[in-house]
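Inspection log for the structure reproduced underneath, given as structure tokens.
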Amino acid sequence: MIFPYPWAETVLPNGLLVVAIPLDTPGLAGHYVAVRTGSRNETEPGRSGFAHFFEHMMFRGTPRYPPERYNDVLKRLGADGNAFTTDDWTCYHVVAASSALDVVMDLESDRFMNLEYGVEAFQKEAAAVLGEYNKNASIPFNALFEKLHDTAYTTHTYKHTTMGFLKDIEDMPNQFEHSLSFFERWYRADNARPRGGGRRRPGEGVRSRTPVLRRVAAGNRSVHDAGRAQAGGGAIGAHRVARADPPAARDRVPQPGVRPRLA
Ligand SMILES: [Zn+2]
């Protein structure tokens with residue numbers, strides 16, 4: 001068995017699949033939101049590294065919870081939160097007292113619906129990502145890994161690392177408009193997977209919080225298969241975006257083994 005714990009799944013009307021995992025962690029709960037979008041989804045030329053960059057933008061706040069307030073709420077709860085991006089998915093995670101789960105879910109669903117930032121904040125974060133690239137580039141293994149992928153993959157988007165090609169990172173300050181469409185395209189109910197782990201019975205956390213999670217926007221399924229493009233030797237395909245496909249039609253992206261992830 002790959003995953004040794006029982007879990008309960010609930011699909012909400014907006015297509016959001018919520019997974020509750022009871023764990024013997026008295027008083028503590030983990031809240032993870034997995035977005036099924038990583039650097040493998042960056043099929044458009046000049047846009048590599050954007051999934052990771054956008055993970056940074058998700059901490060830029062909403063009208064209800066500007067960044068300082070978001071951090072303050074978590075601090076007052078004694079909660080620990082962060083995020084990371086991989087080639088295949090992006091994860092937002094918080095560990096807090098299980099009694100604080102309502103607040104955590106309110107925080108997380110709010111930024112999935114009402115994220116708000118301007119050009120100035122966007123460009124500032126782009127500079128931070130370039131700094132992160134430069135810091136990582138000083139580690140010899142990263143340079144080797146970057147070259148290995150660039151050489152091994154001719155068509156699949158694994159050709160670039162999660163960080164992205166340096167020339168694309170340098171161009172990120174000019175991609176404000178793309179960032180808005182990126183949020184619209186990928187950060188939707190049927191592309192996210194909230195997972196809660198803690199000392200609750202299966203389904204209990206889901207039922208009581210369904211009204212909050214239902215508010216996350218529905219529809220907008222994104223379809224592409226970069227893996228097929230590599231296997232067939234064809235060009236990297238562009239995204240095709242369709243609205244409100246039925247949940248049964250969702251594509252299932254296989255999860256490969258452990259891969260590097262970026263904070
Ligand atoms: Zn980062």
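By order of appearance in the structure tokens: chains A, B, ..., then residues from 1 within every chain, and ligands from 1 in the order shown.
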
**Env. residues ligand 1 / 8 Å / only C-alpha atoms and all ligand atoms / as an MDAnalysis selection string** = chainID A and resid 52:53 55:56 84:85 129 132 262:263

If we count only C-alpha atoms, what is near Val33 of chain A at a cut-off of 12 Å, once residues fewer than 2 positions away on the same chain are taken out, given as a compact mmCIF listing (two decimals) with N, CA and C atoms, in the first residue's frame?
# COMPACT_ATOMS: atom_id res chain seq x y z
N LEU A 16 -14.72 20.71 -6.53
CA LEU A 16 -13.61 20.62 -5.57
C LEU A 16 -13.65 19.26 -4.86
N LEU A 17 -12.56 18.52 -4.99
CA LEU A 17 -12.46 17.23 -4.29
C LEU A 17 -11.74 17.47 -2.97
N VAL A 18 -12.43 17.20 -1.87
CA VAL A 18 -11.86 17.41 -0.53
C VAL A 18 -11.54 16.05 0.06
N VAL A 19 -10.32 15.91 0.57
CA VAL A 19 -9.88 14.64 1.14
C VAL A 19 -9.63 14.83 2.63
N ALA A 20 -10.32 14.05 3.45
CA ALA A 20 -10.12 14.12 4.90
C ALA A 20 -9.40 12.85 5.36
N GLY A 30 -3.44 19.24 9.95
CA GLY A 30 -2.72 19.79 8.81
C GLY A 30 -3.70 20.11 7.70
N HIS A 31 -3.52 21.24 7.06
CA HIS A 31 -4.40 21.64 5.95
C HIS A 31 -3.53 21.86 4.72
N VAL A 35 -2.51 22.10 -5.73
CA VAL A 35 -2.95 22.58 -7.04
C VAL A 35 -2.24 21.74 -8.09
N ARG A 36 -3.03 21.14 -8.98
CA ARG A 36 -2.43 20.20 -9.94
C ARG A 36 -1.75 20.94 -11.10
N THR A 37 -0.92 21.86 -10.74
CA THR A 37 -0.19 22.64 -11.73
C THR A 37 1.23 22.87 -11.23
N GLU A 55 3.29 30.90 -7.12
CA GLU A 55 3.20 30.47 -5.72
C GLU A 55 3.59 31.64 -4.80
N GLY A 81 2.83 27.79 8.45
CA GLY A 81 2.35 27.67 7.07
C GLY A 81 3.42 28.03 6.06
N ASN A 82 3.31 27.45 4.88
CA ASN A 82 4.23 27.79 3.80
C ASN A 82 3.70 27.15 2.50
N ALA A 83 4.52 27.11 1.48
CA ALA A 83 4.12 26.53 0.21
C ALA A 83 5.35 26.05 -0.53
N PHE A 84 5.14 25.17 -1.49
CA PHE A 84 6.24 24.77 -2.36
C PHE A 84 5.70 24.39 -3.74
N THR A 85 6.60 24.41 -4.71
CA THR A 85 6.24 24.07 -6.09
C THR A 85 7.15 22.97 -6.59
N TRP A 89 3.16 19.75 -9.35
CA TRP A 89 2.08 20.32 -8.56
C TRP A 89 2.61 21.40 -7.63
N THR A 90 1.68 22.15 -7.06
CA THR A 90 2.02 23.22 -6.13
C THR A 90 1.22 22.99 -4.86
N CYS A 91 1.84 23.21 -3.72
CA CYS A 91 1.16 22.89 -2.46
C CYS A 91 1.22 24.05 -1.47
N TYR A 92 0.07 24.33 -0.86
CA TYR A 92 -0.03 25.36 0.18
C TYR A 92 -0.41 24.64 1.46
N HIS A 93 0.39 24.78 2.50
CA HIS A 93 0.15 23.96 3.68
C HIS A 93 0.20 24.77 4.97
N VAL A 94 -0.65 24.38 5.89
CA VAL A 94 -0.69 25.00 7.22
C VAL A 94 -0.89 23.89 8.24
N VAL A 95 -0.12 23.92 9.31
CA VAL A 95 -0.36 23.02 10.45
C VAL A 95 -0.74 23.90 11.63
N VAL A 104 -8.32 28.62 9.29
CA VAL A 104 -7.35 28.29 8.25
C VAL A 104 -8.05 28.10 6.91
N MET A 105 -9.17 27.41 6.92
CA MET A 105 -9.90 27.19 5.67
C MET A 105 -10.47 28.48 5.12
N LEU A 107 -9.02 31.44 5.51
CA LEU A 107 -7.85 32.12 4.93
C LEU A 107 -7.52 31.57 3.55
N GLU A 108 -7.47 30.25 3.47
CA GLU A 108 -7.00 29.63 2.23
C GLU A 108 -8.02 29.77 1.11
N SER A 109 -9.29 29.57 1.42
CA SER A 109 -10.30 29.70 0.36
C SER A 109 -10.41 31.16 -0.09
N ARG A 111 -7.99 33.40 -0.39
CA ARG A 111 -6.97 33.81 -1.38
C ARG A 111 -7.13 33.06 -2.70
N PHE A 112 -7.78 31.92 -2.67
CA PHE A 112 -8.07 31.24 -3.93
C PHE A 112 -9.19 31.94 -4.71
N TYR A 187 -6.06 28.16 -10.91
CA TYR A 187 -6.45 28.18 -9.49
C TYR A 187 -7.97 28.12 -9.37
N ARG A 188 -8.51 26.96 -9.78
CA ARG A 188 -9.94 26.75 -9.80
C ARG A 188 -10.28 25.51 -8.97
N ALA A 189 -11.55 25.45 -8.62
CA ALA A 189 -11.99 24.37 -7.73
C ALA A 189 -11.66 23.00 -8.28
N ASN A 191 -9.28 22.05 -10.06
CA ASN A 191 -7.85 21.79 -10.24
C ASN A 191 -7.12 21.81 -8.90
N ALA A 192 -7.87 21.91 -7.81
CA ALA A 192 -7.25 21.96 -6.48
C ALA A 192 -7.75 20.77 -5.66
N ARG A 193 -6.94 20.37 -4.69
CA ARG A 193 -7.27 19.22 -3.85
C ARG A 193 -6.98 19.54 -2.39
N PRO A 194 -7.93 20.12 -1.67
CA PRO A 194 -7.66 20.35 -0.25
C PRO A 194 -7.60 19.01 0.50
N ARG A 195 -6.60 18.89 1.36
CA ARG A 195 -6.48 17.68 2.17
C ARG A 195 -6.35 18.11 3.62
N GLY A 196 -7.13 17.50 4.46
CA GLY A 196 -7.02 17.79 5.88
C GLY A 196 -6.62 16.54 6.61
N GLY A 197 -5.59 16.61 7.43
CA GLY A 197 -5.19 15.47 8.23
C GLY A 197 -5.21 15.85 9.70
N LEU A 213 -15.81 26.18 1.31
CA LEU A 213 -15.11 25.64 0.15
C LEU A 213 -15.93 25.75 -1.13

**Asked** What are the DSSP strand (DSSP E) residues of segment 62-172 of chain A, as a ChimeraX atom specification?
**Response** /A:80-85,90-97

**Message:** With distances taken over only C-alpha atoms, which residue among A:Pro63, A:Pro26, A:Gly164, A:Gly118 lies nearest Leu130 of chain A?
**Reply:**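 Going through A:Pro63, A:Pro26, A:Gly164, A:Gly118 one by one, the smallest distance to Leu130 of chain A is for A:Gly164.
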
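The two atoms in question, atom CA of Ser48 of chain A and atom CA of Gly61 of chain A, are spaced 23.8 Å apart.
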
Sorted by chain and rising residue number, list the residues of segment 43-78 of chain A at most 9 Å from segment 172-180 of chain A (counting only C-alpha atoms), each with its closest atom pair and distance in Å to one decimal, as CSV.
residue,atom,partner,partner_atom,distance
A:Arg47,CA,A:Met172,CA,8.1
A:Gly49,CA,A:Met172,CA,9.0
A:Phe50,CA,A:Met172,CA,8.1
A:Phe53,CA,A:Met172,CA,8.5
A:Phe54,CA,A:Ser179,CA,7.2
A:Met57,CA,A:Ser179,CA,8.9

Expected file: the selected residues, N, CA and C atoms, as an mmCIF file, in the first residue's frame:
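After the write, selection_38.cif holds the following:
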data_model
loop_
_atom_site.group_PDB
_atom_site.id
_atom_site.type_symbol
_atom_site.label_atom_id
_atom_site.label_comp_id
_atom_site.auth_asym_id
_atom_site.auth_seq_id
_atom_site.Cartn_x
_atom_site.Cartn_y
_atom_site.Cartn_z
ATOM 1 N N ARG A 47 7.644 31.323 -20.843
ATOM 2 C CA ARG A 47 6.877 31.377 -19.592
ATOM 3 C C ARG A 47 7.312 30.300 -18.607
ATOM 4 N N GLY A 49 8.949 28.555 -15.414
ATOM 5 C CA GLY A 49 9.127 29.045 -14.046
ATOM 6 C C GLY A 49 7.924 29.767 -13.471
ATOM 7 N N PHE A 50 6.861 29.860 -14.255
ATOM 8 C CA PHE A 50 5.752 30.697 -13.797
ATOM 9 C C PHE A 50 4.954 30.081 -12.650
ATOM 10 N N PHE A 53 6.771 31.032 -9.607
ATOM 11 C CA PHE A 53 6.614 32.474 -9.388
ATOM 12 C C PHE A 53 5.220 32.768 -8.831
ATOM 13 N N PHE A 54 4.221 32.119 -9.407
ATOM 14 C CA PHE A 54 2.859 32.412 -8.966
ATOM 15 C C PHE A 54 2.616 31.945 -7.536
ATOM 16 N N MET A 57 3.226 34.786 -5.541
ATOM 17 C CA MET A 57 2.176 35.811 -5.638
ATOM 18 C C MET A 57 0.966 35.478 -4.766
#

**Request:** Per DSSP on the backbone, filter segment 14-238 of chain A down to the residues in helix (DSSP H, G or I) and report them as JSON, numbers by chain.
**Result:** {"A": [39, 40, 41, 50, 51, 52, 53, 54, 55, 56, 57, 67, 68, 69, 70, 71, 72, 73, 74, 75, 76, 77, 98, 99, 100, 101, 102, 103, 104, 105, 106, 107, 108, 109, 110, 111, 112, 113, 114, 119, 120, 121, 122, 123, 124, 125, 126, 127, 128, 129, 130, 131, 132, 133, 134, 135, 136, 137, 140, 141, 142, 143, 144, 145, 146, 147, 148, 149, 150, 151, 152, 157, 158, 159, 166, 167, 168, 169, 170, 172, 173, 174, 176, 177, 178, 179, 180, 181, 182, 183, 184, 185, 186, 189, 190, 191, 204, 205, 206, 207, 208, 209, 210, 211, 212, 213, 214, 226, 227, 228, 229, 230, 231, 232]}

**Request:** Would you mind reading off the distance between atom CA of Ser39 of chain A and atom CA of Phe141 of chain A, one decimal, in Å?
**Result:**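 So the answer is 19.1 Å.
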
**Asked** In Å to one decimal, how far is atom CA of Asp88 of chain A from atom CA of Thr155 of chain A?
**Response** 16.1 Å

Surrounding residues of Asn142 of chain A excluding itself and chain neighbours under 3 positions, 12 Å, only C-alpha atoms, as an mmCIF file with N, CA and C atoms, in the first residue's frame:
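The resulting file, around.cif, is shown below:
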data_model
loop_
_atom_site.group_PDB
_atom_site.id
_atom_site.type_symbol
_atom_site.label_atom_id
_atom_site.label_comp_id
_atom_site.auth_asym_id
_atom_site.auth_seq_id
_atom_site.Cartn_x
_atom_site.Cartn_y
_atom_site.Cartn_z
ATOM 1 N N TYR A 133 16.738 32.305 -7.728
ATOM 2 C CA TYR A 133 17.464 31.553 -8.772
ATOM 3 C C TYR A 133 18.971 31.712 -8.566
ATOM 4 N N ASN A 134 19.417 32.950 -8.377
ATOM 5 C CA ASN A 134 20.852 33.202 -8.234
ATOM 6 C C ASN A 134 21.429 32.510 -7.008
ATOM 7 N N LYS A 135 20.644 32.500 -5.937
ATOM 8 C CA LYS A 135 21.101 31.819 -4.721
ATOM 9 C C LYS A 135 21.256 30.320 -5.001
ATOM 10 N N ASN A 136 20.227 29.727 -5.638
ATOM 11 C CA ASN A 136 20.270 28.293 -5.928
ATOM 12 C C ASN A 136 21.379 27.951 -6.914
ATOM 13 N N ALA A 137 21.639 28.877 -7.843
ATOM 14 C CA ALA A 137 22.630 28.608 -8.886
ATOM 15 C C ALA A 137 24.039 28.465 -8.316
ATOM 16 N N SER A 138 24.223 28.921 -7.086
ATOM 17 C CA SER A 138 25.548 28.808 -6.480
ATOM 18 C C SER A 138 25.805 27.389 -5.967
ATOM 19 N N ILE A 139 24.776 26.540 -5.990
ATOM 20 C CA ILE A 139 24.939 25.147 -5.544
ATOM 21 C C ILE A 139 25.262 24.295 -6.778
ATOM 22 N N PHE A 145 21.856 19.604 -12.424
ATOM 23 C CA PHE A 145 20.473 19.165 -12.612
ATOM 24 C C PHE A 145 19.802 19.947 -13.747
ATOM 25 N N GLU A 146 20.059 21.242 -13.769
ATOM 26 C CA GLU A 146 19.476 22.109 -14.792
ATOM 27 C C GLU A 146 19.963 21.687 -16.195
ATOM 28 N N LYS A 147 21.252 21.424 -16.297
ATOM 29 C CA LYS A 147 21.840 21.044 -17.583
ATOM 30 C C LYS A 147 21.366 19.660 -18.007
ATOM 31 N N LEU A 148 21.265 18.769 -17.036
ATOM 32 C CA LEU A 148 20.823 17.401 -17.315
ATOM 33 C C LEU A 148 19.425 17.414 -17.935
ATOM 34 N N HIS A 149 18.532 18.158 -17.332
ATOM 35 C CA HIS A 149 17.159 18.206 -17.839
ATOM 36 C C HIS A 149 17.081 18.883 -19.206
ATOM 37 N N HIS A 160 12.825 22.229 -18.694
ATOM 38 C CA HIS A 160 13.235 23.275 -17.757
ATOM 39 C C HIS A 160 12.951 22.823 -16.323
ATOM 40 N N THR A 161 13.729 23.319 -15.418
ATOM 41 C CA THR A 161 13.509 22.970 -14.021
ATOM 42 C C THR A 161 12.291 23.739 -13.504
ATOM 43 N N THR A 162 11.878 23.431 -12.286
ATOM 44 C CA THR A 162 10.745 24.148 -11.692
ATOM 45 C C THR A 162 11.053 25.635 -11.592
ATOM 46 N N MET A 163 12.306 25.949 -11.367
ATOM 47 C CA MET A 163 12.713 27.359 -11.275
ATOM 48 C C MET A 163 12.512 28.074 -12.610
ATOM 49 N N GLY A 164 12.723 27.359 -13.724
ATOM 50 C CA GLY A 164 12.566 27.949 -15.054
ATOM 51 C C GLY A 164 13.895 28.347 -15.665
ATOM 52 N N PRO A 260 12.732 17.487 -7.048
ATOM 53 C CA PRO A 260 13.053 18.669 -6.251
ATOM 54 C C PRO A 260 11.846 19.590 -6.128
ATOM 55 N N ARG A 261 11.776 20.305 -5.042
ATOM 56 C CA ARG A 261 10.705 21.274 -4.887
ATOM 57 C C ARG A 261 11.268 22.581 -4.394
ATOM 58 N N LEU A 262 10.586 23.651 -4.692
ATOM 59 C CA LEU A 262 11.076 24.990 -4.352
ATOM 60 C C LEU A 262 10.138 25.663 -3.402
#

**Asked** Which of these, A:Tyr5, A:Pro140, A:Ser98, A:Gln123, has the shortest distance to Gly78 of chain A once you count only C-alpha atoms?
**Response**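 Of the candidates, the smallest distance to Gly78 of chain A is held by A:Ser98.
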